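See structure below.
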Amino acid sequence: MICSMTVLWLKLYTLLFLQAMLVFIYSDNLPDSQEVTGSMSMCTQTNIIQHLLAAADRFGLDRLTQLCEARLCEEVSVDTVATTLSLADQYRCSQLKAICLKFAAKNLGAVMQTEGFKYVEETCPLLLSELLETIASVTVDERSGQGLGKKRSWVKKEVAAALSGWN
């Protein structure tokens with residue numbers, strides 16, 4: 001029963017992806033999130049846009065890349081940020097990467113609990129270095145003028161928590 005449900009879900013997901021790709025090909029726009037996925041979760045909608053980004057790169061569809069990057073910038077969440085960050089880095093989407101780094105830095109504790117973060121830990125060590133740099137800069141930006149002792153202890157605590165998960 002589980003296998004047939006998985007196959008059915010994969011077929012549905014593939015159809016949703018193809019539908020979104022066809023909407024782009026014929027209209028030069030991304031479909032509205034609800035238009036393609038209906039009542040599916042935001043994570044599923046984001047996953048489809050992530051796959052469209054990969055397809056855009058593979059087929060050299062610059063306009064689709066731009067549209068996917070813009071949509072993914074709007075849909076960053078704790079559950080999707082790590083995977084989206086990895087894709088932004090892989091497909092050279094600098095604006096999306098910057099937004100994901102800042103979001104992950106501000107929500108580090110929750111982000112570190114996701115499967116996407118575990119994937120990034122295993123496959124993208126350079127991204128983790130960039131994330132640490134972003135944590136430091138976000139902390140300095142947000143806490144400027146509020147006592148350096150608090151700022152440094154917060155950064156040390158966040159960095160220590162991040163590093164403890166990398167061993």
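Ordering of the structure tokens sets the chain letters (A, B, ...), residue numbers begin anew at 1 in every chain, and ligands are numbered from 1 in the order given.
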Worksheet item: Which neighbours of Lys97 (chain A) fall inside 10 Å, counting only C-alpha atoms, when residues of the same chain fewer than 4 positions from it are skipped, and could you give them as a list in words?
Response: Glu69, Cys73, Val81, Thr84, Leu85, Ser86, Leu87, Ala88, Asp89, Gln90, Tyr91, Arg92, Cys93, Leu101, Lys102, Phe103 and Leu127 of chain A
Discussion item. Using only C-alpha atoms, which protein or nucleic acid residues come within 7 Å of region 113-126 of chain A? Drop anything in the same chain fewer than 5 positions from it, and give the result as an NGL selection string.
Written reply: :A and (79-80 or 82-83 or 86 or 166)
Keeping only N, CA, C and O atoms, write the selected residues as a short mmCIF file (atom, residue, chain, number, x, y, z; two decimals), in the first residue's frame.
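Okay, out_20.cif is ready:
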data_model
loop_
_atom_site.label_atom_id
_atom_site.label_comp_id
_atom_site.auth_asym_id
_atom_site.auth_seq_id
_atom_site.Cartn_x
_atom_site.Cartn_y
_atom_site.Cartn_z
N ASP A 79 11.45 25.57 6.62
CA ASP A 79 11.49 24.22 6.05
C ASP A 79 12.20 24.15 4.70
O ASP A 79 12.69 23.09 4.32
N THR A 80 12.23 25.25 3.96
CA THR A 80 12.78 25.20 2.60
C THR A 80 14.08 25.97 2.40
O THR A 80 14.71 25.82 1.37
N ALA A 82 17.22 25.89 3.52
CA ALA A 82 18.51 25.23 3.32
C ALA A 82 18.62 24.65 1.91
O ALA A 82 19.63 24.82 1.22
N THR A 83 17.57 23.97 1.47
CA THR A 83 17.57 23.42 0.12
C THR A 83 17.61 24.52 -0.92
O THR A 83 18.34 24.44 -1.90
N SER A 86 21.10 25.94 -1.16
CA SER A 86 21.96 25.05 -1.93
C SER A 86 21.73 25.23 -3.43
O SER A 86 22.68 25.31 -4.22
N TRP A 166 28.33 19.96 13.27
CA TRP A 166 29.16 19.58 12.11
C TRP A 166 30.10 18.45 12.42
O TRP A 166 30.76 17.95 11.53
#
Item to complete: Can you work out the spacing between CA of Gln45 (chain A) and CA of Glu130 (chain A) in Å, to one decimal?
Response: 26.8 Å
Item to complete: Measure the distance from CA of Ala104 (chain A) to CA of Glu133 (chain A) in Å and round it to one decimal.
Response: 11.7 Å
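Going from CA of Ile135 (chain A) over to CA of Ile99 (chain A), you cover 12.5 Å.
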Discussion item. DSSP on the backbone: which residues in region 41-113 of chain A end up as alpha helix (DSSP H)? Give the answer as a VMD selection string.
Written reply: chain A and resid 42 to 59 62 to 74 81 to 90 94 to 106 108 to 111
Practice prompt. Considering only C-alpha atoms, return as a ChimeraX atom specification whatever protein or nucleic-acid residues lie within 12 Å of region 27-31 of chain A, sequence-local ones (same chain, fewer than 3 positions apart) excluded.
Written response: /A:16-24,34-38,45,48-49,52-53,56,61-72
